[in-house]
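Colleague: Sharing query19.txt, compact mmCIF, C-alpha atoms and all ligand atoms:
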# COMPACT_ATOMS: atom_id res chain seq x y z
CA MET A 44 167.67 18.52 -65.08
CA GLU A 45 166.47 15.36 -63.38
CA ARG A 46 167.47 14.95 -59.76
CA ASP A 47 169.69 12.01 -58.79
CA ASP A 48 167.07 10.76 -56.37
CA ALA A 49 164.25 11.33 -58.82
CA TRP A 50 162.60 8.11 -57.68
CA HIS A 51 161.86 9.98 -54.44
CA LEU A 52 159.24 11.78 -56.42
CA THR A 53 157.21 8.64 -55.99
CA GLY A 54 156.42 10.31 -52.65
CA ASP A 55 154.06 12.36 -54.78
CA LEU A 56 152.45 9.34 -56.26
CA MET A 57 149.10 10.41 -54.87
CA VAL A 58 148.69 13.30 -57.11
CA GLU A 59 149.30 13.29 -60.80
CA HIS A 60 152.76 12.56 -59.68
CA GLY A 61 155.48 10.59 -61.22
CA LYS A 62 154.38 11.54 -64.63
CA GLY A 63 157.27 10.70 -66.77
CA ASP A 64 158.55 8.36 -64.08
CA PRO A 65 158.37 4.95 -65.79
CA PHE A 66 158.68 3.10 -62.49
CA ALA A 67 155.69 4.84 -60.94
CA ALA A 68 153.69 4.19 -64.11
CA ALA A 69 154.65 0.53 -64.04
CA ILE A 70 153.63 0.14 -60.42
CA ARG A 71 150.27 1.78 -61.11
CA ALA A 72 149.63 -0.44 -64.10
CA THR A 73 150.96 -3.81 -62.92
CA ARG A 74 148.52 -6.64 -62.13
CA MET A 75 150.46 -7.24 -58.94
CA PRO A 76 148.64 -5.51 -56.01
CA MET A 77 151.00 -3.05 -54.39
CA ILE A 78 150.95 -0.37 -51.71
CA VAL A 79 153.39 2.05 -50.15
CA THR A 80 153.19 3.22 -46.55
CA ASP A 81 154.93 6.13 -44.88
CA PRO A 82 156.45 5.21 -41.52
CA ARG A 83 157.48 8.82 -40.93
CA ARG A 84 153.85 9.72 -40.51
CA ASP A 85 151.80 8.79 -37.52
CA ASP A 86 150.67 5.10 -37.54
CA ASN A 87 152.49 4.28 -40.80
CA PRO A 88 149.59 5.12 -43.15
CA ILE A 89 149.11 4.00 -46.77
CA VAL A 90 150.31 6.74 -49.10
CA PHE A 91 150.02 4.88 -52.36
CA VAL A 92 147.81 2.09 -53.59
CA ASN A 93 147.58 0.71 -57.11
CA ASP A 94 144.42 -0.42 -58.93
CA ALA A 95 145.34 -4.10 -58.64
CA PHE A 96 145.26 -3.74 -54.87
CA LEU A 97 141.82 -2.12 -55.01
CA ARG A 98 140.56 -4.94 -57.24
CA LEU A 99 141.95 -7.54 -54.84
CA THR A 100 140.47 -6.02 -51.69
CA GLY A 101 137.27 -4.45 -53.04
CA TYR A 102 137.95 -1.03 -51.45
CA GLU A 103 137.80 2.37 -53.11
CA ARG A 104 141.04 4.29 -53.09
CA GLY A 105 139.56 7.01 -50.91
CA GLU A 106 138.52 4.48 -48.26
CA ILE A 107 142.00 3.26 -47.54
CA MET A 108 144.40 6.07 -48.29
CA GLY A 109 145.88 7.39 -45.08
CA ARG A 110 144.91 4.28 -43.08
CA ASN A 111 147.17 1.76 -41.45
CA CYS A 112 147.12 -1.64 -43.20
CA ARG A 113 145.66 -3.43 -40.21
CA PHE A 114 142.12 -3.06 -41.64
CA LEU A 115 143.09 -6.04 -43.84
CA GLN A 116 143.24 -8.27 -40.78
CA GLY A 117 140.27 -10.17 -39.45
CA PRO A 118 139.15 -12.68 -36.85
CA ASP A 119 141.12 -15.65 -38.26
CA THR A 120 144.32 -13.80 -39.05
CA ASP A 121 147.20 -15.53 -37.31
CA PRO A 122 148.47 -13.23 -34.51
CA ASN A 123 151.88 -14.76 -35.02
CA ALA A 124 152.00 -13.50 -38.64
CA ILE A 125 150.95 -10.02 -37.43
CA GLN A 126 153.72 -10.10 -34.84
CA GLN A 127 156.27 -11.03 -37.51
CA LEU A 128 155.17 -8.04 -39.59
CA ARG A 129 155.40 -5.74 -36.62
CA GLU A 130 158.89 -6.92 -35.85
CA ALA A 131 160.03 -6.47 -39.48
CA VAL A 132 158.68 -2.89 -39.50
CA GLY A 133 160.44 -2.18 -36.19
CA ALA A 134 163.70 -3.68 -37.44
CA ARG A 135 163.38 -1.99 -40.88
CA ARG A 136 163.93 -5.27 -42.72
CA ASP A 137 162.05 -6.98 -45.49
CA ILE A 138 159.70 -9.85 -44.83
CA SER A 139 157.81 -12.44 -46.78
CA VAL A 140 154.83 -14.00 -45.04
CA ASP A 141 151.57 -15.76 -45.90
CA ILE A 142 148.81 -14.04 -43.96
CA LEU A 143 145.02 -14.37 -43.99
CA ASN A 144 143.53 -11.01 -45.05
CA TYR A 145 139.95 -9.81 -45.50
CA ARG A 146 138.26 -7.92 -48.33
CA LYS A 147 135.77 -5.14 -47.85
CA ASP A 148 132.90 -7.61 -48.28
CA GLY A 149 134.24 -9.71 -45.38
CA THR A 150 135.52 -12.60 -47.50
CA SER A 151 139.03 -13.73 -46.75
CA PHE A 152 142.01 -14.59 -48.95
CA TRP A 153 145.50 -15.87 -48.37
CA ASN A 154 147.95 -13.10 -49.07
CA ALA A 155 151.56 -13.92 -49.94
CA LEU A 156 152.81 -10.59 -48.64
CA TYR A 157 156.26 -9.25 -49.40
CA MET A 158 157.17 -6.04 -47.58
CA SER A 159 160.40 -4.15 -47.85
CA PRO A 160 161.69 -0.87 -46.36
CA VAL A 161 162.76 1.91 -48.71
CA ILE A 162 165.86 3.44 -47.17
CA THR A 163 167.81 6.36 -48.61
CA LYS A 164 171.53 6.41 -49.18
CA GLY A 165 171.80 8.43 -46.01
CA GLY A 166 170.10 5.63 -44.07
CA ASP A 167 166.74 7.34 -43.57
CA LEU A 168 163.67 5.14 -43.69
CA HIS A 169 161.18 6.79 -46.02
CA TYR A 170 158.69 4.15 -47.05
CA PHE A 171 157.57 0.61 -46.79
CA PHE A 172 156.74 -1.00 -50.07
CA ALA A 173 154.43 -4.03 -50.07
CA SER A 174 153.30 -6.38 -52.81
CA GLN A 175 150.46 -8.84 -52.41
CA LEU A 176 149.57 -12.07 -54.13
CA ASP A 177 146.33 -13.95 -53.65
CA VAL A 178 147.55 -17.49 -52.96
CA THR A 179 144.29 -18.81 -51.54
CA ASP A 180 144.20 -21.72 -54.00
CA ARG A 181 147.73 -22.77 -53.14
CA VAL A 182 147.19 -22.49 -49.37
CA ASP A 183 143.82 -24.26 -49.59
CA ALA A 184 145.44 -27.07 -51.58
CA GLN A 185 148.24 -27.26 -49.00
CA MET A 186 145.71 -27.36 -46.18
CA ARG A 187 143.67 -30.03 -47.95
CA THR A 188 146.82 -32.10 -48.46
CA GLN A 189 147.79 -31.55 -44.83
CA ASN A 190 144.29 -32.50 -43.66
CA GLU A 191 144.33 -35.61 -45.82
CA LYS A 192 147.79 -36.52 -44.56
CA GLU A 193 146.65 -36.09 -40.96
CA HIS A 194 143.52 -38.08 -41.71
CA PHE A 195 145.55 -40.96 -43.17
CA GLU A 196 148.04 -40.81 -40.33
CA ARG A 197 145.17 -41.05 -37.84
CA GLU A 198 143.73 -43.99 -39.78
CA VAL A 199 147.09 -45.76 -39.93
CA ALA A 200 147.64 -45.17 -36.19
CA LYS A 201 144.14 -46.50 -35.47
CA ARG A 202 144.70 -49.60 -37.61
CA THR A 203 148.13 -50.16 -36.04
CA ARG A 204 146.50 -49.92 -32.59
CA GLU A 205 143.82 -52.42 -33.61
CA LEU A 206 146.43 -54.82 -34.98
CA SER A 207 148.63 -54.54 -31.88
CA ASP A 208 145.57 -55.11 -29.70
CA ALA A 209 144.66 -58.17 -31.78
CA LEU A 210 148.24 -59.41 -31.57
CA ALA A 211 148.30 -58.85 -27.80
CA ALA A 212 145.03 -60.80 -27.48
CA LYS A 213 146.42 -63.62 -29.64
CA THR A 214 149.69 -63.67 -27.67
CA MET A 215 147.74 -63.83 -24.41
CA LEU A 216 145.66 -66.73 -25.68
CA VAL A 217 148.68 -68.69 -26.94
CA HIS A 218 150.48 -68.06 -23.63
CA GLU A 219 147.43 -69.30 -21.77
CA VAL A 220 147.41 -72.50 -23.87
CA ASP A 221 151.15 -73.03 -23.31
CA HIS A 222 150.63 -72.49 -19.61
CA ARG A 223 147.93 -75.14 -19.49
CA VAL A 224 149.96 -77.59 -21.56
CA LYS A 225 152.90 -77.06 -19.20
CA ASN A 226 150.66 -77.72 -16.18
CA ASN A 227 149.27 -80.88 -17.77
CA LEU A 228 152.77 -82.11 -18.59
CA GLN A 229 153.72 -81.45 -14.98
CA MET A 230 150.77 -83.57 -13.95
CA VAL A 231 151.88 -86.38 -16.29
CA ALA A 232 155.39 -86.11 -14.82
CA SER A 233 153.95 -86.44 -11.29
CA LEU A 234 151.97 -89.52 -12.37
CA LEU A 235 155.10 -91.07 -13.88
CA THR A 236 157.06 -90.36 -10.69
CA MET A 237 154.32 -91.97 -8.57
CA GLN A 238 154.10 -94.98 -10.86
CA THR A 239 157.89 -95.40 -10.93
CA ARG A 240 157.90 -95.72 -7.13
CA SER A 241 155.71 -98.79 -7.35
CA ILE A 242 157.90 -100.55 -9.95
CA SER A 243 160.52 -102.92 -8.63
CA ASP A 244 162.04 -104.11 -11.93
CA PRO A 245 165.18 -101.96 -12.40
CA THR A 246 164.95 -101.95 -16.23
CA ALA A 247 161.33 -100.85 -16.14
CA ARG A 248 162.18 -98.20 -13.53
CA GLU A 249 164.98 -96.85 -15.74
CA ALA A 250 162.62 -96.70 -18.73
CA MET A 251 160.05 -94.82 -16.64
CA LYS A 252 162.72 -92.37 -15.46
CA SER A 253 163.80 -91.76 -19.07
CA MET A 254 160.18 -91.07 -19.99
CA LEU A 255 159.96 -88.68 -17.06
CA THR A 256 162.90 -86.58 -18.33
CA ARG A 257 161.31 -86.46 -21.83
CA VAL A 258 158.02 -85.20 -20.40
CA GLU A 259 159.90 -82.66 -18.27
CA ALA A 260 161.85 -81.44 -21.32
CA LEU A 261 158.56 -80.81 -23.14
CA GLY A 262 157.27 -79.02 -20.03
CA THR A 263 160.32 -76.74 -20.15
CA VAL A 264 159.58 -75.98 -23.82
CA HIS A 265 156.05 -74.82 -22.96
CA LYS A 266 157.26 -72.88 -19.95
CA ARG A 267 159.71 -70.98 -22.17
CA LEU A 268 156.98 -70.43 -24.76
CA TYR A 269 154.53 -68.81 -22.39
CA GLN A 270 157.27 -66.61 -20.97
CA SER A 271 158.40 -65.45 -24.39
CA HIS A 272 157.23 -62.22 -26.07
CA ASP A 273 157.32 -63.82 -29.50
CA VAL A 274 154.78 -66.62 -29.81
CA GLU A 275 156.12 -67.67 -33.20
CA ARG A 276 159.83 -68.07 -32.53
CA PHE A 277 161.71 -70.21 -30.05
CA ASP A 278 165.22 -69.45 -28.83
CA VAL A 279 167.16 -72.73 -28.91
CA ALA A 280 170.17 -71.30 -27.06
CA GLU A 281 168.20 -70.10 -24.03
CA PHE A 282 166.31 -73.37 -23.95
CA ALA A 283 169.60 -75.32 -24.06
CA ARG A 284 170.87 -73.31 -21.10
CA GLU A 285 167.82 -74.08 -18.98
CA LEU A 286 167.57 -77.76 -19.98
CA ALA A 287 171.26 -78.56 -19.51
CA THR A 288 171.42 -76.74 -16.18
CA ASP A 289 168.29 -78.55 -14.94
CA LEU A 290 169.50 -81.96 -16.13
CA VAL A 291 172.99 -81.63 -14.62
CA ARG A 292 171.53 -80.34 -11.36
CA GLY A 293 168.86 -83.09 -11.39
CA SER A 294 171.51 -85.79 -11.93
CA GLY A 295 173.17 -84.85 -8.64
CA ARG A 296 176.55 -85.27 -10.39
CA SER A 297 178.42 -82.29 -8.99
CA GLU A 298 181.71 -83.72 -10.33
CA ILE A 299 180.50 -83.11 -13.88
CA SER A 300 181.16 -79.55 -14.96
CA LEU A 301 178.90 -77.96 -17.51
CA HIS A 302 180.24 -75.57 -20.19
CA LEU A 303 177.88 -73.59 -22.33
CA ASP A 304 178.79 -71.82 -25.54
CA LEU A 305 175.49 -70.45 -26.77
CA GLU A 306 174.64 -67.97 -29.48
CA PRO A 307 171.02 -66.95 -30.00
CA VAL A 308 169.25 -69.07 -32.61
CA GLU A 309 165.56 -68.60 -33.12
CA VAL A 310 163.52 -71.27 -34.87
CA PRO A 311 159.80 -71.51 -35.64
CA VAL A 312 157.88 -72.75 -32.56
CA GLU A 313 156.83 -75.98 -34.25
CA LYS A 314 160.48 -77.06 -34.21
CA ALA A 315 160.75 -76.53 -30.46
CA PRO A 316 159.44 -79.93 -29.22
CA PRO A 317 161.59 -82.16 -31.52
CA VAL A 318 164.70 -80.00 -30.96
CA ALA A 319 164.08 -80.13 -27.20
CA LEU A 320 163.57 -83.91 -27.16
CA MET A 321 166.72 -84.49 -29.20
CA MET A 322 168.85 -82.35 -26.90
CA ASN A 323 167.31 -84.05 -23.89
CA GLU A 324 168.26 -87.53 -25.23
CA LEU A 325 171.85 -86.54 -25.94
CA ILE A 326 172.48 -84.67 -22.68
CA THR A 327 170.87 -87.44 -20.59
CA ASN A 328 172.96 -90.02 -22.43
CA ALA A 329 176.15 -88.17 -21.58
CA LEU A 330 175.12 -87.81 -17.93
CA LYS A 331 173.99 -91.44 -17.73
CA HIS A 332 176.71 -93.25 -19.68
CA ALA A 333 179.82 -91.13 -20.19
CA PHE A 334 180.93 -90.85 -16.59
CA PRO A 335 180.34 -94.17 -14.80
CA SER A 336 181.41 -94.77 -11.17
CA ASN A 337 181.29 -91.13 -10.28
CA ARG A 338 184.02 -90.37 -12.78
CA PRO A 339 184.46 -86.59 -12.99
CA GLY A 340 184.28 -84.91 -16.34
CA ARG A 341 183.28 -82.08 -18.55
CA LEU A 342 180.14 -81.71 -20.59
CA SER A 343 179.96 -78.92 -23.07
CA ILE A 344 177.07 -77.73 -25.15
CA ARG A 345 177.34 -75.43 -28.06
CA VAL A 346 174.58 -73.79 -30.08
CA GLN A 347 175.66 -71.78 -33.09
CA PRO A 348 173.96 -70.23 -36.12
CA ASP A 349 175.44 -71.27 -39.46
CA GLY A 350 173.78 -69.33 -42.28
CA ARG A 351 170.42 -70.91 -43.03
CA TYR A 352 171.34 -73.73 -40.66
CA PHE A 353 172.34 -73.97 -37.05
CA GLY A 354 174.46 -76.42 -35.17
CA ILE A 355 174.14 -78.12 -31.82
CA ARG A 356 177.25 -79.83 -30.51
CA ILE A 357 177.31 -81.95 -27.36
CA ILE A 358 180.74 -83.03 -26.22
CA ASP A 359 181.75 -85.08 -23.21
CA ASP A 360 185.20 -86.24 -22.17
CA GLY A 361 183.88 -89.48 -20.70
CA ILE A 362 184.57 -93.11 -21.51
CA GLY A 363 183.43 -92.89 -25.12
CA MET A 364 180.77 -94.87 -26.89
CA PRO A 365 181.37 -98.65 -26.55
CA GLN A 366 181.97 -100.26 -29.96
CA GLU A 367 179.19 -102.79 -29.49
CA VAL A 368 176.44 -100.14 -29.27
CA VAL A 369 177.35 -98.43 -32.55
CA GLY A 370 175.27 -100.84 -34.61
CA THR A 371 172.48 -101.42 -32.05
CA ARG A 372 169.13 -99.67 -32.18
CA SER A 373 167.94 -98.95 -28.64
CA PHE A 374 164.86 -96.79 -28.03
CA GLY A 375 166.83 -93.61 -27.30
CA LYS A 376 168.83 -93.96 -30.48
CA ARG A 377 165.75 -94.65 -32.59
CA LEU A 378 164.01 -91.67 -31.05
CA ILE A 379 166.97 -89.42 -31.92
CA GLU A 380 167.03 -90.70 -35.50
CA SER A 381 163.30 -90.22 -35.96
CA LEU A 382 163.49 -86.66 -34.55
CA ALA A 383 166.44 -85.90 -36.84
CA ARG A 384 164.39 -87.05 -39.84
CA GLN A 385 161.45 -84.92 -38.73
CA LEU A 386 163.74 -81.89 -38.48
CA ASN A 387 165.69 -82.62 -41.69
CA ALA A 388 168.76 -82.66 -39.50
CA SER A 389 172.05 -84.46 -40.05
CA ILE A 390 173.63 -86.03 -37.01
CA ALA A 391 177.17 -87.29 -36.59
CA TRP A 392 178.52 -89.30 -33.66
CA GLN A 393 182.27 -89.02 -33.39
CA PRO A 394 184.62 -90.49 -30.88
CA GLY A 395 186.15 -87.74 -28.80
CA ASP A 396 189.63 -87.79 -27.39
CA PRO A 397 188.53 -88.93 -24.88
CA GLY A 398 184.74 -89.19 -24.85
CA THR A 399 182.06 -88.60 -27.41
CA SER A 400 181.18 -85.69 -29.61
CA ILE A 401 177.83 -85.35 -31.33
CA ASP A 402 177.22 -82.82 -34.06
CA ILE A 403 173.76 -81.94 -35.27
CA ARG A 404 173.12 -79.61 -38.18
CA LEU A 405 169.56 -78.36 -38.67
CA PRO A 406 167.82 -75.97 -41.06
CA ARG A 407 166.61 -72.87 -39.21
CA GLU A 408 163.33 -72.43 -41.06
CA SER A 409 160.55 -74.92 -41.71
CA PRO A 410 160.23 -76.07 -45.32
CA GLY A 411 158.25 -73.50 -47.31
CA ALA A 412 158.81 -70.77 -44.72
CA LYS A 413 160.26 -67.41 -45.69
CA ASP A 414 164.03 -67.30 -45.45
CA SER A 415 164.79 -65.04 -42.50
CA THR A 416 168.58 -65.00 -42.78
N1 LIG B 1 177.79 -89.95 -24.38
C1 LIG B 1 177.91 -91.26 -24.27
N2 LIG B 1 179.04 -91.78 -23.73
C2 LIG B 1 179.17 -93.10 -23.62
N3 LIG B 1 178.25 -94.00 -24.03
C3 LIG B 1 177.12 -93.55 -24.56
C4 LIG B 1 176.89 -92.16 -24.72
N4 LIG B 1 175.70 -92.01 -25.32
C5 LIG B 1 175.21 -93.22 -25.51
N5 LIG B 1 176.05 -94.17 -25.06
C6 LIG B 1 175.86 -95.60 -25.15
O1 LIG B 1 174.93 -95.86 -26.17
C7 LIG B 1 173.89 -96.66 -25.66
C8 LIG B 1 172.62 -96.35 -26.37
O2 LIG B 1 172.09 -95.11 -25.97
P1 LIG B 1 170.56 -94.85 -26.09
O3 LIG B 1 170.30 -93.46 -25.75
O4 LIG B 1 170.14 -95.33 -27.40
O5 LIG B 1 169.96 -95.78 -24.99
P2 LIG B 1 169.93 -95.60 -23.44
O6 LIG B 1 170.37 -94.24 -23.07
O7 LIG B 1 170.71 -96.74 -22.85
O8 LIG B 1 168.41 -95.79 -23.08
P3 LIG B 1 167.22 -94.82 -23.44
O9 LIG B 1 166.40 -95.59 -24.37
O10 LIG B 1 166.59 -94.52 -22.16
O11 LIG B 1 167.82 -93.62 -24.07
C9 LIG B 1 173.86 -96.40 -24.20
O12 LIG B 1 173.35 -97.47 -23.48
C10 LIG B 1 175.33 -96.18 -23.89
O13 LIG B 1 176.02 -97.41 -23.68
MG MG B 2 169.51 -92.58 -24.03
Could you spell out this file's structure in structure tokens?

Modeller:
Amino acid sequence: MERDDAWHLTGDLMVEHGKGDPFAAAIRATRMPMIVTDPRRDDNPIVFVNDAFLRLTGYERGEIMGRNCRFLQGPDTDPNAIQQLREAVGARRDISVDILNYRKDGTSFWNALYMSPVITKGGDLHYFFASQLDVTDRVDAQMRTQNEKEHFEREVAKRTRELSDALAAKTMLVHEVDHRVKNNLQMVASLLTMQTRSISDPTAREAMKSMLTRVEALGTVHKRLYQSHDVERFDVAEFARELATDLVRGSGRSEISLHLDLEPVEVPVEKAPPVALMMNELITNALKHAFPSNRPGRLSIRVQPDGRYFGIRIIDDGIGMPQEVVGTRSFGKRLIESLARQLNASIAWQPGDPGTSIDIRLPRESPGAKDST
């Protein structure tokens, strides 16, 4: 009668064993390379090897029977994979690992090794069973893909570096130009100041002073531009803060309080000079005309995004715009209108209660530019 643990007879696989044992016959005949080792013997030697394994490794059966499997390892075998195997043997658990093995002729192949302990019902470890699969093609393809990926990543990183270097060089150059323009505008402002001193006609002096503030406003634009990281965008809100603070301080009118309500609005740099000049006209007007005879008051400036547009609102609680000037076309007013046209902006003067309120609505992008909202 057949024993319950008849499969144990596979221990006799070396001899004409297992005859009549279909499992042993299958293992001998399968195309899957397989071996069995005996951990109860010294150095866990191979006790069974099938023909597929011999074909894979190029050894004769007699050359490897009784040897530990480590002869399959070679100079490029990953020590980490060997360590994993050792640990699995020690812990009597199964393991699946890709390991670089060597044939008898010294050539190497990637071995998808699966090794599993054979433990009896009673918990005794009798064998280790191992199946091998030559996965060299798969691993080579993986390595090639990995190498190509790394190659492309290096190329992309290199190109990105080149582009950032080029951008940094361009930014430096633009900053340098803005710096020079600002210095030249400062020089023009100094000339205007000197010339103004020699003019006795009060109207001409006033006109010169107005020109001076316009030149200074443009100087502030270029100062902000060379201090900015982005050479293509200009933050209207931050500019408004600097300009209004400078103008109020420069007016010496400490009884006028300034209120700022500013949300970041970035516009293309080419819009910066007209926007700056327009704000300068309106703020100087309020400081010059809204609060005569040292009348105290409040000047508030608001910058707010509004979808694809943005708004600038300048409100004073001064004496209000005299009726007679509404229809007149003084230089300042004409300048504001021409800047508004240039910017495609709508501008509305409204009487405040008291004072004057001016609302400007401007498109954020230049015509033809990509919509960035
Ligand atoms: N916020 C304001 N409050 C009261 N009056 C104002 C205000 N803004 C403008 N005005 C009136 O409108 C007039 C026209 O202003 P405009 O800016 O066109 O000329 P200006 O400021 O007198 O001279 P400039 O040509 O130097 O600007 C001013 O003279 C002033 O009487
Ligand atoms: Mg004016």

Colleague: Which residues sit within 9 Å of ligand MG 2 (chain B), counting all atoms listed in the file, listed as a PyMOL selection string?

Modeller: chain A and resi 253+323-329+331-332+373-376+378-379

Colleague: Let me see the file: selected residues, C-alpha atoms, as a PDB file, in the frame of the given file.

Modeller:
ATOM      1  CA  SER A 253     163.800 -91.760 -19.070  1.00  0.00           C
ATOM      2  CA  ASN A 323     167.310 -84.050 -23.890  1.00  0.00           C
ATOM      3  CA  GLU A 324     168.260 -87.530 -25.230  1.00  0.00           C
ATOM      4  CA  LEU A 325     171.850 -86.540 -25.940  1.00  0.00           C
ATOM      5  CA  ILE A 326     172.480 -84.670 -22.680  1.00  0.00           C
ATOM      6  CA  THR A 327     170.870 -87.440 -20.590  1.00  0.00           C
ATOM      7  CA  ASN A 328     172.960 -90.020 -22.430  1.00  0.00           C
ATOM      8  CA  ALA A 329     176.150 -88.170 -21.580  1.00  0.00           C
ATOM      9  CA  LYS A 331     173.990 -91.440 -17.730  1.00  0.00           C
ATOM     10  CA  HIS A 332     176.710 -93.250 -19.680  1.00  0.00           C
ATOM     11  CA  SER A 373     167.940 -98.950 -28.640  1.00  0.00           C
ATOM     12  CA  PHE A 374     164.860 -96.790 -28.030  1.00  0.00           C
ATOM     13  CA  GLY A 375     166.830 -93.610 -27.300  1.00  0.00           C
ATOM     14  CA  LYS A 376     168.830 -93.960 -30.480  1.00  0.00           C
ATOM     15  CA  LEU A 378     164.010 -91.670 -31.050  1.00  0.00           C
ATOM     16  CA  ILE A 379     166.970 -89.420 -31.920  1.00  0.00           C
TER      17      ILE A 379
END

Colleague: Name all residues at most 12 Å from Val291 of chain A (count all atoms listed in the file; drop same-chain ones fewer than 6 positions away) and give them as a VMD selection string.

Modeller: chain A and resid 256 283 to 285 297 to 302 323 326 to 331 340 to 344

Colleague: At a cut-off of 8 Å, using all atoms listed in the file, what residues contact Glu309 of chain A? Leave out same-chain residues fewer than 5 positions from it and give the result as a PyMOL selection string.

Modeller: chain A and resi 276-279+407

Colleague: Identify which of the residues A:Tyr145, A:Asp396, A:Ala72, A:Phe66 lies closest to Tyr102 of chain A, counting all atoms listed in the file when measuring atom-to-atom distances.

Modeller: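 Under the stated criterion, the closest residue is A:Tyr145.
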
Colleague: Could you list, as a list in words, every residue within 12 Å of segment 122-124 of chain A, counting all atoms listed in the file and ignoring same-chain residues fewer than 2 positions away?

Modeller: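 Those residues are Arg113, Gln116, Gly117, Pro118, Asp119, Thr120, Gln126, Gln127, Leu128, Arg129, Glu130, Ala131, Ile138, Ser139, Val140, Asp141, Ile142, Leu143, Asn144, Trp153, Asn154, Ala155 and Leu156 of chain A.
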
Colleague: Pick the closest to ligand LIG 1 (chain B) from A:Glu196, A:Asp177, A:Glu367, A:Glu408: which is it, counting all atoms listed in the file?

Modeller: A:Glu367

Colleague: Between A:Asn190, A:Gln366, A:Asn387, A:Ser207, which is the closest to ligand LIG 1 (chain B) once you count only C-alpha atoms and all ligand atoms?

Modeller: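 Ranked by minimum distance to ligand LIG 1 (chain B), first place goes to A:Gln366.
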
Colleague: Quick one: distance from atom CA of Ala280 of chain A to atom CA of Ala212 of chain A in Å, one decimal?

Modeller: 27.2 Å

Colleague: Go through A:Leu97, A:Ala209, A:Leu216, A:Leu320 one by one, measure the shortest atom-to-atom distance of each to ligand LIG 1 (chain B) using only C-alpha atoms and all ligand atoms, and give the residue with the smallest value.

Modeller: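 Ranking A:Leu97, A:Ala209, A:Leu216, A:Leu320 by distance to ligand LIG 1 (chain B), first place goes to A:Leu320.
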
Colleague: Using atom CA of Phe114 of chain A and atom CA of Ala68 of chain A as the two end points, give the distance in Å to one decimal.

Modeller: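 Interatomic distance here is 26.3 Å.
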
Colleague: For each of A:Asp402, A:Asp183, A:Asp360, A:Glu198, take the minimum atom-to-atom distance to ligand LIG 1 (chain B), counting all atoms listed in the file, then give the residue where this is smallest.

Modeller: A:Asp360

Colleague: Neighbourhood query: residues within 10 Å of (155.6, -2.6, -46.6), file coordinates, counting only C-alpha atoms; return as an mmCIF file with C-alpha atoms, in the frame of the given file.

Modeller:
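point-v3.cif was written with the following content:
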data_model
loop_
_atom_site.group_PDB
_atom_site.id
_atom_site.type_symbol
_atom_site.label_atom_id
_atom_site.label_comp_id
_atom_site.auth_asym_id
_atom_site.auth_seq_id
_atom_site.Cartn_x
_atom_site.Cartn_y
_atom_site.Cartn_z
ATOM 1 C CA MET A 77 151.000 -3.050 -54.390
ATOM 2 C CA ILE A 78 150.950 -0.370 -51.710
ATOM 3 C CA VAL A 79 153.390 2.050 -50.150
ATOM 4 C CA THR A 80 153.190 3.220 -46.550
ATOM 5 C CA ASP A 81 154.930 6.130 -44.880
ATOM 6 C CA PRO A 82 156.450 5.210 -41.520
ATOM 7 C CA ASN A 87 152.490 4.280 -40.800
ATOM 8 C CA ILE A 89 149.110 4.000 -46.770
ATOM 9 C CA CYS A 112 147.120 -1.640 -43.200
ATOM 10 C CA LEU A 128 155.170 -8.040 -39.590
ATOM 11 C CA ALA A 131 160.030 -6.470 -39.480
ATOM 12 C CA VAL A 132 158.680 -2.890 -39.500
ATOM 13 C CA ARG A 135 163.380 -1.990 -40.880
ATOM 14 C CA ARG A 136 163.930 -5.270 -42.720
ATOM 15 C CA ASP A 137 162.050 -6.980 -45.490
ATOM 16 C CA ILE A 138 159.700 -9.850 -44.830
ATOM 17 C CA LEU A 156 152.810 -10.590 -48.640
ATOM 18 C CA TYR A 157 156.260 -9.250 -49.400
ATOM 19 C CA MET A 158 157.170 -6.040 -47.580
ATOM 20 C CA SER A 159 160.400 -4.150 -47.850
ATOM 21 C CA PRO A 160 161.690 -0.870 -46.360
ATOM 22 C CA VAL A 161 162.760 1.910 -48.710
ATOM 23 C CA TYR A 170 158.690 4.150 -47.050
ATOM 24 C CA PHE A 171 157.570 0.610 -46.790
ATOM 25 C CA PHE A 172 156.740 -1.000 -50.070
ATOM 26 C CA ALA A 173 154.430 -4.030 -50.070
ATOM 27 C CA SER A 174 153.300 -6.380 -52.810
ATOM 28 C CA GLN A 175 150.460 -8.840 -52.410
#

Colleague: Could you name the residues that touch Arg240 of chain A at 12 Å or less, counting all atoms listed in the file, but leaving out those on the same chain fewer than 6 positions away, as a list of chain:residue names?

Modeller: A:Ser233, A:Leu234, A:Ala247, A:Arg248, A:Glu249, A:Met251, A:Lys252

Colleague: If the box runs along x, y and z of the file and leaves 5 Å on each side of ligand LIG 1 (chain B), what are its centre and edge lengths in Å, one decimal, as AutoDock Vina command-line options?

Modeller:
--center_x 172.8 --center_y -93.7 --center_z -24.8 --size_x 22.8 --size_y 17.5 --size_z 15.2

Colleague: Which of these, A:Pro311, A:Pro410, A:Gly398, A:Pro317, has the shortest distance to ligand LIG 1 (chain B) once you count all atoms listed in the file?

Modeller: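 Comparing A:Pro311, A:Pro410, A:Gly398, A:Pro317 against ligand LIG 1 (chain B), the winner is A:Gly398.
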